[in-house]
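These notes are about the structure you will find just below.
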Amino acid sequence: MASIRKKGRGYEVRVKVRGTAVSKSFATLQQARAWARSAESDMDAAPVLASAAVTSITLVEALRRYEAEVLPKLKGASQERYRIAALARTAIAQQRLDAITSPDVKRYRDQLASAGNSGSTVRLKLALLSRVFSVACKEWGYPVINPVAIVTKPPAGKARSRRLTGTEEQRLMEAADQCQNPHIAPLIAFAIETGMRRGEMLAINWADVDLSRSVVTLPHTKSGHARWVPLSSAAKAILQRQLAAGAQRPFPIPATLLENAWEHVLKRARIEDLRFHDLRHEALSRWAHRLNGDVFKLSLVSGHRTLQMAQRYVHPVQSELLAQIAN
């Protein structure tokens with residue numbers, strides 16, 4: 001049960017569920033009501049609230065437990081692991097969970113923004129913090145309330161549309177060929193040909209590859225739905241060379257090794273502001289031209305669940321548009 005009372009220039013909220021009470025103060029009535037709803041929901045969902053003694057757990061301790069127990073069950077775990085490591089190094093991570101307030105989260109948000117993080121990156125890092133609080137309350141039984149729920153998130157910003165320009169592809173492949181690991185260059189070339197995500201390529205096995213039909217089946221994807229990816233003649237040739245070389249999997253590369261190698265490749269190629277995921281955008285933009293702008297077919301290749309998401313990869317040139325209008 002939540003109660004709100006005026007206190008000075010602000011409002012104090014007190015929430016009591018099954019004998020456990022928490023209270024906080026807010027500047028506006030709207031913030032107080034929002035927190036009260038979130039607090040009641042979280043406390044009511046908690047299986048058995050722990051005693052006051054267990055609330056001494058710090059955020060960094062919660063992050064370690066989250067990484068050990070929850071992360072292995074999630075898709076995109078490698079990216080989340082990097083965010084966990086970054087969050088664990090911040091000042092807020094040293095605080096007790098029950099002592100972290102919305103002003104603390106706001107400071108963390110503003111520090112991320114001032115450090116040059118994009119709005120989308122800040123939102124992802126705040127989402128991680130929010131999930132840790134929710135799991136701590138609902139799954140682990142800690143009497144804590146999620147302070148991220150009432151903090152304003154920055155706008156997501158425009159999606160990246162970085163493509164390879166000029167001689168970048170040639171320089172990229174020449175630099176990749178210099179890597180000690182012989183699988184780096186084939187992986188980068190395969191990414192440009194297929195538009196598969198990094199995690200998808202690293203996870204495929206030879207059993208997922210059908211060279212006779214020129215297709216790769218992905219049983220586990222980011223969307224949670226299986227999909228097939230057609231192979232161009234160049235992509236098929238890459239896999240044939242990998243198979244002939246005796247690779248146990250098409251691309252037997254640890255994710256951390258690829259991260260490090262990618263940075264070295266970009267430095268040797270003298271290419272700036274290119275992320276590995278940008279190769280997917282490049283590949284799908286090329287597929288859009290191959291498919292004559294058919295967004296439905298492109299969505300089958302890309303794995304997007306909505307046509308709107310696939311639409312952003314369709315970049316018809318002006319001459320093509322004029323030709324269609326003329327006809």
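Here's how to read the names in the structure tokens: chain A, B, ... by the order shown, residue numbers from 1 in each chain, ligand numbers from 1 in the order shown.
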
Using only C-alpha atoms, find each residue in range 51-131 of chain A having at least one atom no more than 12 Å away from range 151-157 of chain A; report its shortest atom-to-atom pair and that distance in Å (one decimal), rows by chain then rising number, as a tab-separated table.
```
residue	atom	partner	partner_atom	distance
A:Thr101	CA	A:Val151	CA	10.0
A:Ser102	CA	A:Val151	CA	6.3
A:Pro103	CA	A:Val151	CA	8.3
A:Asp104	CA	A:Val151	CA	9.9
A:Val105	CA	A:Val151	CA	7.2
A:Lys106	CA	A:Val151	CA	6.5
A:Arg107	CA	A:Val151	CA	10.3
A:Tyr108	CA	A:Val151	CA	10.7
A:Arg109	CA	A:Lys153	CA	8.1
A:Asp110	CA	A:Pro154	CA	9.7
A:Leu112	CA	A:Pro154	CA	10.8
A:Ala113	CA	A:Pro154	CA	9.0
A:Asn117	CA	A:Pro154	CA	10.7
A:Ser118	CA	A:Gly157	CA	7.5
A:Gly119	CA	A:Ala156	CA	4.9
A:Ser120	CA	A:Ala156	CA	4.4
A:Thr121	CA	A:Ala156	CA	8.1
A:Val122	CA	A:Pro154	CA	7.2
A:Arg123	CA	A:Lys153	CA	6.2
A:Leu124	CA	A:Ala156	CA	9.5
A:Lys125	CA	A:Lys153	CA	10.5
A:Leu126	CA	A:Lys153	CA	8.0
A:Ala127	CA	A:Lys153	CA	9.6
A:Leu129	CA	A:Val151	CA	11.7
A:Ser130	CA	A:Val151	CA	10.4
```

Got time to write the residues from that selection, N, CA and C atoms, as a tab-separated table (two decimals), in the first residue's frame?
```
chain	number	residue	atom	x	y	z
A	101	THR	N	19.79	5.80	-5.56
A	101	THR	CA	18.56	6.56	-5.79
A	101	THR	C	18.50	7.06	-7.24
A	102	SER	N	17.35	7.62	-7.61
A	102	SER	CA	17.22	8.16	-8.97
A	102	SER	C	18.23	9.28	-9.25
A	103	PRO	N	18.57	10.17	-8.29
A	103	PRO	CA	19.62	11.15	-8.56
A	103	PRO	C	20.96	10.49	-8.87
A	104	ASP	N	21.27	9.36	-8.22
A	104	ASP	CA	22.51	8.63	-8.54
A	104	ASP	C	22.50	8.14	-9.98
A	105	VAL	N	21.35	7.61	-10.41
A	105	VAL	CA	21.21	7.11	-11.77
A	105	VAL	C	21.30	8.26	-12.77
A	106	LYS	N	20.72	9.41	-12.42
A	106	LYS	CA	20.80	10.57	-13.31
A	106	LYS	C	22.26	11.01	-13.49
A	107	ARG	N	23.02	11.01	-12.40
A	107	ARG	CA	24.44	11.38	-12.51
A	107	ARG	C	25.18	10.39	-13.42
A	108	TYR	N	24.88	9.11	-13.24
A	108	TYR	CA	25.50	8.09	-14.09
A	108	TYR	C	25.13	8.32	-15.55
A	109	ARG	N	23.85	8.61	-15.81
A	109	ARG	CA	23.38	8.90	-17.17
A	109	ARG	C	24.12	10.09	-17.77
A	110	ASP	N	24.25	11.17	-16.99
A	110	ASP	CA	24.90	12.38	-17.48
A	110	ASP	C	26.40	12.16	-17.70
A	112	LEU	N	27.75	9.34	-18.65
A	112	LEU	CA	27.85	8.59	-19.91
A	112	LEU	C	27.73	9.53	-21.10
A	113	ALA	N	26.78	10.45	-21.03
A	113	ALA	CA	26.57	11.39	-22.14
A	113	ALA	C	27.77	12.31	-22.31
A	117	ASN	N	29.11	9.07	-25.19
A	117	ASN	CA	28.24	7.95	-25.57
A	117	ASN	C	27.00	8.48	-26.29
A	118	SER	N	26.57	7.78	-27.32
A	118	SER	CA	25.36	8.17	-28.04
A	118	SER	C	24.12	7.92	-27.19
A	119	GLY	N	23.00	8.51	-27.61
A	119	GLY	CA	21.76	8.29	-26.88
A	119	GLY	C	21.38	6.82	-26.83
A	120	SER	N	21.60	6.10	-27.92
A	120	SER	CA	21.27	4.67	-27.96
A	120	SER	C	22.16	3.89	-27.00
A	121	THR	N	23.44	4.23	-26.92
A	121	THR	CA	24.36	3.54	-26.02
A	121	THR	C	23.98	3.79	-24.57
A	122	VAL	N	23.62	5.04	-24.25
A	122	VAL	CA	23.21	5.37	-22.88
A	122	VAL	C	21.96	4.58	-22.51
A	123	ARG	N	21.02	4.48	-23.42
A	123	ARG	CA	19.79	3.73	-23.16
A	123	ARG	C	20.09	2.26	-22.89
A	124	LEU	N	21.02	1.68	-23.66
A	124	LEU	CA	21.38	0.27	-23.46
A	124	LEU	C	22.01	0.05	-22.09
A	125	LYS	N	22.86	0.98	-21.66
A	125	LYS	CA	23.53	0.83	-20.37
A	125	LYS	C	22.56	1.05	-19.21
A	126	LEU	N	21.61	1.95	-19.38
A	126	LEU	CA	20.58	2.14	-18.35
A	126	LEU	C	19.65	0.93	-18.31
A	127	ALA	N	19.39	0.32	-19.47
A	127	ALA	CA	18.53	-0.86	-19.50
A	127	ALA	C	19.18	-2.01	-18.74
A	129	LEU	N	21.26	-1.71	-16.18
A	129	LEU	CA	21.13	-1.37	-14.76
A	129	LEU	C	19.71	-1.67	-14.27
A	130	SER	N	18.72	-1.34	-15.09
A	130	SER	CA	17.33	-1.59	-14.73
A	130	SER	C	17.05	-3.08	-14.58
```

7 Å contact set for Ala2 in chain A, only C-alpha atoms, chain neighbours under 5 positions out, as a list in words
Val13, Arg14, Val15, Lys16 and Ala36 of chain A

Once you have the residues from the selection above, write them out as a tab-separated table (two decimals), in the first residue's frame, restricted to N, CA and C atoms.
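Dumped everything to part.tsv:
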```tsv
chain	number	residue	atom	x	y	z
A	13	VAL	N	7.02	9.49	-0.37
A	13	VAL	CA	6.24	8.29	-0.66
A	13	VAL	C	6.65	7.19	0.30
A	14	ARG	N	5.66	6.49	0.83
A	14	ARG	CA	5.94	5.34	1.69
A	14	ARG	C	5.14	4.16	1.15
A	15	VAL	N	5.85	3.06	0.85
A	15	VAL	CA	5.22	1.86	0.31
A	15	VAL	C	5.46	0.71	1.28
A	16	LYS	N	4.39	0.02	1.63
A	16	LYS	CA	4.49	-1.11	2.56
A	16	LYS	C	3.81	-2.32	1.95
A	36	ALA	N	5.88	5.15	-6.77
A	36	ALA	CA	4.99	4.36	-5.93
A	36	ALA	C	4.45	3.15	-6.70
```

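When DSSP is run on the backbone, the residues of range 114-303 of chain A that fall into strand (DSSP E or B) are Val209, Asp210, Val215, Val216, Thr217, Leu218, Arg227, Trp228, Val229 and Pro230 of chain A.
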
Keeping N, CA and C atoms for every residue in the selection just given, could you write it to a file as a short mmCIF file (atom, residue, chain, number, x, y, z; two decimals), in the first residue's frame?
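As written to disk, part_13.cif reads:
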```cif
data_model
loop_
_atom_site.label_atom_id
_atom_site.label_comp_id
_atom_site.auth_asym_id
_atom_site.auth_seq_id
_atom_site.Cartn_x
_atom_site.Cartn_y
_atom_site.Cartn_z
N VAL A 209 25.34 -25.67 -42.68
CA VAL A 209 25.71 -25.23 -44.03
C VAL A 209 25.30 -26.28 -45.06
N ASP A 210 24.57 -25.84 -46.07
CA ASP A 210 24.20 -26.72 -47.18
C ASP A 210 24.78 -26.11 -48.46
N VAL A 215 22.97 -22.37 -49.07
CA VAL A 215 22.21 -21.75 -48.00
C VAL A 215 22.79 -22.12 -46.64
N VAL A 216 22.69 -21.19 -45.69
CA VAL A 216 23.07 -21.45 -44.30
C VAL A 216 21.82 -21.30 -43.45
N THR A 217 21.54 -22.27 -42.60
CA THR A 217 20.40 -22.20 -41.69
C THR A 217 20.87 -21.76 -40.32
N LEU A 218 20.21 -20.74 -39.78
CA LEU A 218 20.54 -20.23 -38.45
C LEU A 218 19.43 -20.63 -37.49
N ARG A 227 16.19 -18.81 -39.17
CA ARG A 227 16.07 -18.27 -40.52
C ARG A 227 17.17 -18.87 -41.39
N TRP A 228 17.02 -18.75 -42.70
CA TRP A 228 18.03 -19.21 -43.62
C TRP A 228 18.63 -18.01 -44.33
N VAL A 229 19.89 -18.15 -44.70
CA VAL A 229 20.61 -17.07 -45.38
C VAL A 229 21.14 -17.60 -46.70
N PRO A 230 20.77 -17.00 -47.82
CA PRO A 230 21.28 -17.45 -49.12
C PRO A 230 22.75 -17.09 -49.29
#
```

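Counting only C-alpha atoms, the residue from A:Leu128, A:Lys24, A:Gln31, A:Arg65 that sits nearest to Ile100 in chain A is A:Lys24.
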
Would you please give, as a VMD selection string, all residues of range 54-199 of chain A that DSSP assigns to alpha helix (DSSP H) based on the backbone?
chain A and resid 59 to 69 77 to 88 102 to 114 119 to 138 168 to 176 184 to 194 198 to 199

Leaving out Arg275 in chain A and any residue of its chain fewer than 3 positions from it, which residues lie within 10 Å of it when counting only C-alpha atoms, given as a ChimeraX atom specification?
/A:160,162,262-263,266,272,278-280

Nearest to Ala283 in chain A among A:Leu164, A:Val265, A:Met201, A:Ala255, with distances taken over only C-alpha atoms: which residue is it?
A:Leu164

For a test of reading the model, state the distance in Å between CA of Ala175 in chain A and CA of Phe190 in chain A, rounded to one decimal.
15.5 Å

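Counting only C-alpha atoms, the residue from A:Lys6, A:Val70, A:Pro143, A:Ser114 that sits nearest to Ala39 in chain A is A:Pro143.
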
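In this model, the gap between CA of Met196 in chain A and CA of Val132 in chain A comes to 29.6 Å.
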
Leu284 in chain A surroundings by only C-alpha atoms, 8 Å radius, close-in-sequence under 6 positions cut, as a list in words
Thr194, Gly195, Leu298, Ser302 and Tyr313 of chain A

Excluding range 86-90 of chain A and residues on its chain fewer than 3 positions from it, collect all residues at most 10 Å away from it, counting only C-alpha atoms, and give them as a list of chain:residue names.
A:Leu59, A:Val60, A:Glu61, A:Ala62, A:Leu63, A:Arg64, A:Glu80, A:Arg81, A:Tyr82, A:Arg83, A:Ala93, A:Gln94, A:Gln95, A:Tyr108, A:Gln111, A:Lys125, A:Leu126, A:Leu128, A:Leu129

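Distances here use only C-alpha atoms; by that measure, the residue among A:Ile145, A:Leu202, A:Ala27, A:Ile192 closest to Leu257 in chain A is A:Leu202.
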
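Take the candidates A:Tyr66, A:Trp206, A:Tyr142, A:Tyr11 and check each one against Trp35 in chain A using only C-alpha atoms; the shortest distance goes to A:Tyr11.
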
So which residues touch range 250-252 of chain A within 7 Å, counting only C-alpha atoms, skipping near sequence neighbours fewer than 2 positions away, as number ranges by chain?
A: 183, 187, 201-202, 204-206, 239, 242, 247-248, 254
